[in-house]
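Structure below is start.txt: compact mmCIF, C-alpha atoms.
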# COMPACT_ATOMS: atom_id res chain seq x y z
CA MET A 19 152.92 -189.78 -19.61
CA LYS A 20 153.72 -187.14 -22.23
CA ASN A 21 156.94 -188.93 -23.19
CA THR A 22 155.14 -192.26 -23.42
CA LEU A 23 152.64 -190.75 -25.84
CA ARG A 24 155.47 -189.30 -27.93
CA VAL A 25 157.11 -192.73 -28.21
CA ILE A 26 153.81 -194.41 -29.08
CA ALA A 27 153.15 -191.77 -31.74
CA ALA A 28 156.64 -192.21 -33.20
CA VAL A 29 156.31 -196.00 -33.39
CA ALA A 30 152.85 -195.70 -34.93
CA ALA A 31 154.15 -193.24 -37.53
CA PHE A 32 157.00 -195.64 -38.30
CA ALA A 33 154.58 -198.56 -38.73
CA ILE A 34 152.37 -196.52 -41.06
CA ALA A 35 155.30 -195.25 -43.10
CA THR A 36 156.88 -198.69 -43.43
CA PRO A 37 154.35 -201.27 -44.59
CA ALA A 38 157.01 -204.00 -44.37
CA PHE A 39 157.20 -203.30 -40.63
CA ALA A 40 153.46 -203.08 -40.11
CA GLN A 41 152.75 -206.23 -42.10
CA GLY A 42 155.63 -208.33 -40.86
CA GLY A 43 157.66 -207.88 -44.02
CA GLY A 44 155.20 -209.41 -46.46
CA GLY A 45 152.52 -207.01 -47.54
CA GLY A 46 152.28 -208.45 -51.03
CA GLY A 47 152.94 -205.04 -52.52
CA GLY A 48 156.03 -206.19 -54.37
CA GLY A 49 158.08 -203.64 -52.50
CA MET A 50 161.45 -204.27 -50.99
CA ARG A 51 161.39 -206.04 -47.64
CA MET A 52 163.42 -204.75 -44.75
CA SER A 53 165.70 -207.19 -43.01
CA PRO A 54 165.16 -207.56 -39.27
CA ALA A 55 168.40 -205.65 -38.61
CA GLU A 56 167.30 -202.80 -40.90
CA ARG A 57 163.89 -202.71 -39.21
CA ASN A 58 165.50 -202.58 -35.76
CA ASP A 59 167.90 -199.82 -36.81
CA ALA A 60 165.09 -197.78 -38.33
CA LEU A 61 162.91 -198.23 -35.25
CA LYS A 62 165.77 -197.20 -32.95
CA ALA A 63 166.29 -194.07 -35.05
CA VAL A 64 162.57 -193.20 -34.79
CA LEU A 65 162.62 -193.70 -31.04
CA LYS A 66 165.79 -191.64 -30.57
CA ALA A 67 164.19 -188.79 -32.52
CA VAL A 68 161.58 -188.25 -29.79
CA LEU A 69 163.77 -188.85 -26.73
CA THR A 70 165.51 -186.19 -24.67
CA ASP A 71 169.29 -186.31 -24.34
CA GLU A 72 168.99 -187.93 -20.90
CA GLN A 73 166.55 -190.52 -22.24
CA LYS A 74 168.83 -191.23 -25.22
CA LYS A 75 171.67 -191.92 -22.80
CA LYS A 76 169.54 -194.34 -20.78
CA PHE A 77 168.27 -195.96 -24.00
CA ALA A 78 171.86 -196.55 -25.14
CA GLU A 79 172.75 -198.02 -21.73
CA ASN A 80 169.76 -200.37 -21.89
CA LEU A 81 170.68 -201.48 -25.42
CA ALA A 82 174.26 -202.17 -24.35
CA ALA A 83 173.00 -204.26 -21.41
CA MET A 84 170.82 -206.46 -23.63
CA PRO A 85 172.23 -209.87 -24.54
CA GLN A 86 173.42 -210.01 -28.14
CA ARG A 87 172.24 -212.66 -30.59
CA ARG A 88 174.83 -214.93 -32.08
CA GLY A 89 175.33 -214.71 -35.82
CA ASP A 90 174.99 -218.44 -36.40
CA VAL A 91 171.24 -218.58 -35.76

I need this file expressed as structure tokens, please.
Amino acid sequence: MKNTLRVIAAVAAFAIATPAFAQGGGGGGGGMRMSPAERNDALKAVLKAVLTDEQKKKFAENLAAMPQRRGDV
């Protein structure tokens, strides 16, 4: 439960710190939008920051097992 709360807190902090993420990229603030790939990379970095080494290893395994999107979409 403690680890779950750490991950939730990290994602919430990321959403607050990145209005483009929290508002789906729009926001109307005139700021620079993050591409989906940039958003995913930033979110992964936030999540990895709160995981233990063992959890990071499992996270990497799960990411590698996920089907990859094709670039022609």

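Across A:Asn21, A:Ala28, A:Ile34, A:Arg87, the tightest approach to Lys62 of chain A is made by A:Ala28 when counting only C-alpha atoms.
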
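From atom CA of Asp71 of chain A back to atom CA of Pro85 of chain A, the distance works out to 23.7 Å.
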
**Study point:** For atom CA of Ala60 of chain A and atom CA of Phe32 of chain A, the interatomic separation in Å (one decimal)
**Key:** 8.4 Å

Point to revise | Spatial neighbours of Val64 of chain A, 12 Å, only C-alpha atoms, chain gap at least 2 places, as an MDAnalysis selection string | key: chainID A and resid 24:33 35:36 57:62 66:69 74

Could you write out the selected residues, including C-alpha atoms, as an mmCIF file, in the frame of the given file?
data_model
loop_
_atom_site.group_PDB
_atom_site.id
_atom_site.type_symbol
_atom_site.label_atom_id
_atom_site.label_comp_id
_atom_site.auth_asym_id
_atom_site.auth_seq_id
_atom_site.Cartn_x
_atom_site.Cartn_y
_atom_site.Cartn_z
ATOM 1 C CA ARG A 24 155.470 -189.300 -27.930
ATOM 2 C CA VAL A 25 157.110 -192.730 -28.210
ATOM 3 C CA ILE A 26 153.810 -194.410 -29.080
ATOM 4 C CA ALA A 27 153.150 -191.770 -31.740
ATOM 5 C CA ALA A 28 156.640 -192.210 -33.200
ATOM 6 C CA VAL A 29 156.310 -196.000 -33.390
ATOM 7 C CA ALA A 30 152.850 -195.700 -34.930
ATOM 8 C CA ALA A 31 154.150 -193.240 -37.530
ATOM 9 C CA PHE A 32 157.000 -195.640 -38.300
ATOM 10 C CA ALA A 33 154.580 -198.560 -38.730
ATOM 11 C CA ALA A 35 155.300 -195.250 -43.100
ATOM 12 C CA THR A 36 156.880 -198.690 -43.430
ATOM 13 C CA ARG A 57 163.890 -202.710 -39.210
ATOM 14 C CA ASN A 58 165.500 -202.580 -35.760
ATOM 15 C CA ASP A 59 167.900 -199.820 -36.810
ATOM 16 C CA ALA A 60 165.090 -197.780 -38.330
ATOM 17 C CA LEU A 61 162.910 -198.230 -35.250
ATOM 18 C CA LYS A 62 165.770 -197.200 -32.950
ATOM 19 C CA LYS A 66 165.790 -191.640 -30.570
ATOM 20 C CA ALA A 67 164.190 -188.790 -32.520
ATOM 21 C CA VAL A 68 161.580 -188.250 -29.790
ATOM 22 C CA LEU A 69 163.770 -188.850 -26.730
ATOM 23 C CA LYS A 74 168.830 -191.230 -25.220
#

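Between atom CA of Arg51 of chain A and atom CA of Leu65 of chain A the separation is 20.7 Å.
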
As AutoDock Vina command-line options, what would the box around segment 83-87 of chain A look like: edges along x, y and z, 8 Å added on every side, centre and edge lengths in Å to one decimal?
--center_x 172.1 --center_y -208.5 --center_z -26.0 --size_x 18.6 --size_y 24.4 --size_z 25.2

Keeping N, CA, C and O atoms, write segment 60-89 of chain A of the structure just shown out as a compact mmCIF listing (two decimals), in the first residue's frame.
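Generated file (selection-v7.txt):
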# COMPACT_ATOMS: atom_id res chain seq x y z
N ALA A 60 8.54 11.36 -19.75
CA ALA A 60 8.57 12.12 -18.50
C ALA A 60 7.83 11.37 -17.39
O ALA A 60 8.29 11.31 -16.25
N LEU A 61 6.70 10.78 -17.73
CA LEU A 61 5.93 10.02 -16.74
C LEU A 61 6.71 8.79 -16.27
O LEU A 61 6.75 8.48 -15.08
N LYS A 62 7.37 8.10 -17.20
CA LYS A 62 8.19 6.94 -16.82
C LYS A 62 9.31 7.37 -15.88
O LYS A 62 9.61 6.66 -14.92
N ALA A 63 9.92 8.51 -16.14
CA ALA A 63 11.00 9.00 -15.28
C ALA A 63 10.48 9.30 -13.88
O ALA A 63 11.14 8.98 -12.88
N VAL A 64 9.28 9.90 -13.79
CA VAL A 64 8.69 10.20 -12.49
C VAL A 64 8.39 8.91 -11.74
O VAL A 64 8.67 8.79 -10.54
N LEU A 65 7.85 7.93 -12.44
CA LEU A 65 7.54 6.66 -11.79
C LEU A 65 8.80 5.95 -11.31
O LEU A 65 8.85 5.44 -10.18
N LYS A 66 9.84 5.94 -12.15
CA LYS A 66 11.08 5.27 -11.78
C LYS A 66 11.73 5.92 -10.57
O LYS A 66 12.43 5.26 -9.80
N ALA A 67 11.49 7.21 -10.37
CA ALA A 67 12.09 7.93 -9.25
C ALA A 67 11.58 7.43 -7.90
O ALA A 67 12.28 7.56 -6.90
N VAL A 68 10.39 6.86 -7.87
CA VAL A 68 9.83 6.41 -6.59
C VAL A 68 9.87 4.89 -6.42
O VAL A 68 9.50 4.39 -5.37
N LEU A 69 10.34 4.17 -7.43
CA LEU A 69 10.38 2.72 -7.35
C LEU A 69 11.70 2.23 -6.74
O LEU A 69 12.74 2.87 -6.89
N THR A 70 11.64 1.08 -6.10
CA THR A 70 12.86 0.44 -5.61
C THR A 70 13.57 -0.20 -6.81
O THR A 70 12.99 -0.31 -7.90
N ASP A 71 14.80 -0.64 -6.60
CA ASP A 71 15.55 -1.27 -7.69
C ASP A 71 14.83 -2.50 -8.23
O ASP A 71 14.78 -2.72 -9.44
N GLU A 72 14.26 -3.30 -7.34
CA GLU A 72 13.53 -4.50 -7.76
C GLU A 72 12.29 -4.11 -8.57
O GLU A 72 11.98 -4.72 -9.60
N GLN A 73 11.59 -3.07 -8.13
CA GLN A 73 10.40 -2.61 -8.84
C GLN A 73 10.77 -2.02 -10.20
O GLN A 73 10.05 -2.19 -11.17
N LYS A 74 11.91 -1.31 -10.26
CA LYS A 74 12.37 -0.76 -11.53
C LYS A 74 12.65 -1.87 -12.54
O LYS A 74 12.33 -1.76 -13.72
N LYS A 75 13.23 -2.97 -12.05
CA LYS A 75 13.52 -4.10 -12.92
C LYS A 75 12.22 -4.69 -13.47
O LYS A 75 12.11 -4.95 -14.67
N LYS A 76 11.24 -4.88 -12.61
CA LYS A 76 9.95 -5.43 -13.03
C LYS A 76 9.24 -4.46 -13.98
O LYS A 76 8.64 -4.87 -14.97
N PHE A 77 9.34 -3.16 -13.71
CA PHE A 77 8.75 -2.14 -14.56
C PHE A 77 9.35 -2.22 -15.96
O PHE A 77 8.63 -2.19 -16.96
N ALA A 78 10.67 -2.35 -16.04
CA ALA A 78 11.35 -2.45 -17.33
C ALA A 78 10.92 -3.72 -18.07
O ALA A 78 10.71 -3.70 -19.28
N GLU A 79 10.78 -4.83 -17.33
CA GLU A 79 10.32 -6.08 -17.95
C GLU A 79 8.90 -5.91 -18.51
O GLU A 79 8.60 -6.37 -19.61
N ASN A 80 8.04 -5.26 -17.74
CA ASN A 80 6.66 -5.06 -18.20
C ASN A 80 6.61 -4.15 -19.43
O ASN A 80 5.83 -4.40 -20.35
N LEU A 81 7.44 -3.11 -19.45
CA LEU A 81 7.48 -2.23 -20.62
C LEU A 81 7.96 -2.99 -21.85
O LEU A 81 7.42 -2.81 -22.95
N ALA A 82 8.97 -3.83 -21.68
CA ALA A 82 9.51 -4.59 -22.80
C ALA A 82 8.47 -5.59 -23.33
O ALA A 82 8.45 -5.89 -24.52
N ALA A 83 7.60 -6.07 -22.46
CA ALA A 83 6.58 -7.06 -22.87
C ALA A 83 5.38 -6.42 -23.56
O ALA A 83 4.60 -7.12 -24.20
N MET A 84 5.25 -5.11 -23.45
CA MET A 84 4.11 -4.42 -24.05
C MET A 84 4.26 -4.37 -25.57
O MET A 84 5.37 -4.17 -26.07
N PRO A 85 3.17 -4.54 -26.29
CA PRO A 85 3.27 -4.42 -27.75
C PRO A 85 3.63 -2.99 -28.14
O PRO A 85 3.18 -2.03 -27.50
N GLN A 86 4.47 -2.85 -29.15
CA GLN A 86 4.92 -1.54 -29.59
C GLN A 86 3.99 -1.02 -30.69
O GLN A 86 3.52 -1.78 -31.52
N ARG A 87 3.77 0.28 -30.68
CA ARG A 87 2.97 0.91 -31.74
C ARG A 87 3.81 1.03 -33.00
O ARG A 87 5.01 1.27 -32.93
N ARG A 88 3.15 0.93 -34.12
CA ARG A 88 3.85 1.13 -35.38
C ARG A 88 3.97 2.62 -35.66
O ARG A 88 3.09 3.39 -35.28
N GLY A 89 5.01 3.03 -36.33
CA GLY A 89 5.24 4.43 -36.59
C GLY A 89 4.37 5.03 -37.68
O GLY A 89 4.35 6.23 -37.87
